[in-house]
Every structure is written in structure tokens, then in C-alpha cells.
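The structure under discussion appears below in the form of C-alpha cells.
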Amino acid sequence: MNVGSVFFLCWKGCLRMKQQTIPLSNLALGTHALISKMEDNPHLCYLQCMGFCPGAHVELIRRVSGGTLAVYRVDDADVALRQATAAMISVRMEG
């Protein structure tokens with residue numbers, strides 16, 4: 001295998017990882033994911049204190065209030081987030 005082939009395989013793997021990243025707000029009910037990135041926003045410090053940090057496991061456990069709020073389980077705590085706030089958090093599927 002030459003250097004060009006290795007570069008292509010690495011690039012293809014990185015591209016595949018980027019395609020698997022979705023906003024937390026798009027997570028399906030009961031689905032587990034890993035937080036991969038968080039956009040800078042006024043709630044960032046609060047979210048990090050609640051356990052929303054890159055690498056943390058998160059699961060959507062319930063949608064309430066017509067879909068504008070969702071309850072996520074992160075680090076054994078249940079936290080309700082607005083859809084707009086959850087959209088600022090990127091996750092990738094586990095497994």
C-alpha cells in the first residue's frame with residue numbers, strides 16, 4: 001500500500017465520520033449517541049456543568065410540549081433542553 005492509498009483511506013474515513021454527525025435535536029427517541037462538538041453559545045457553561053461535554057454519552061428519552069422541549073439523559077441525569085439549544089450540540093451515533 002503506498003502513501004497515496006493510505007491518505008485516501010484516511011480521508012474517506014474522516015468523511016464518513018463527518019457524515020454520521022447530526023444535531024442532538026435530530027436524535028430519535030431511545031437512541032444513544034456521543035457528543036462530538038458544541039457550538040459556542042450563551043448556555044455553553046451551563047450545559048457543560050450539566051454533563052454536556054464532547055465524548056459524553058447522551059440518550060433522548062422523551063419529547064414534551066409539542067416537540068419544542070426534549071428530555072435527554074446524560075451522565076445518569078435527565079435534562080430538558082429546548083430544540084434550539086439542542087441543535088447547537090453535534091452528536092455521532094454509537095456503535
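All residue names refer to the C-alpha cells as shown: chains lettered A, B, ... in order, residues numbered from 1 in each chain, ligands numbered from 1 in order.
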I want to know what sits within 9 Å of A:Phe52, based on only C-alpha atoms, with residues of the same chain fewer than 6 positions away left out; could you give that as an mmCIF file with C-alpha atoms, in the first residue's frame?
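Writing the result to result_34.cif gives the following:
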data_model
loop_
_atom_site.group_PDB
_atom_site.id
_atom_site.type_symbol
_atom_site.label_atom_id
_atom_site.label_comp_id
_atom_site.auth_asym_id
_atom_site.auth_seq_id
_atom_site.Cartn_x
_atom_site.Cartn_y
_atom_site.Cartn_z
ATOM 1 C CA ILE A 35 -21.440 14.294 21.908
ATOM 2 C CA MET A 38 -20.713 22.036 20.837
ATOM 3 C CA LEU A 44 -22.314 26.633 26.984
ATOM 4 C CA TYR A 46 -24.358 25.725 31.992
ATOM 5 C CA VAL A 58 -26.435 11.019 25.638
ATOM 6 C CA VAL A 74 -26.528 12.453 30.111
ATOM 7 C CA ASP A 75 -24.275 11.110 32.879
ATOM 8 C CA ILE A 89 -24.820 20.237 20.002
#
Next item on the list: Might you pull out every residue within 10 Å of A:His32, with only C-alpha atoms counted and same-chain residues fewer than 4 positions away left off, and present them as an MDAnalysis selection string?
Entry: chainID A and resid 27:28 57:61 72:74 91:95
Next item on the list: Just the residues within 10 Å of A:Met88, please, counting only C-alpha atoms, with nothing from its chain fewer than 5 positions along; format it as a list in words.
Entry: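 The contact residues come out as Pro23, Leu24, Ser25, Lys37, Met38, Glu39, Asp40, Asn41, Leu44 and Gln83 of chain A.
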Note to self: as a ChimeraX atom specification, please: every residue in stretch 18-75 of chain A that DSSP puts in strand (DSSP E or B).
What the structure shows: /A:21-23,32-38,57-64,69-74
Next item on the list: Write down as a PyMOL selection string the residues of stretch 5-89 of chain A whose backbone DSSP state falls under helix (DSSP H, G or I).
Entry: chain A and resi 5-19+24-26+44-49+65-67+83-86
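Atom CA of A:Leu47 is positioned 19.9 Å from atom CA of A:Gly67.
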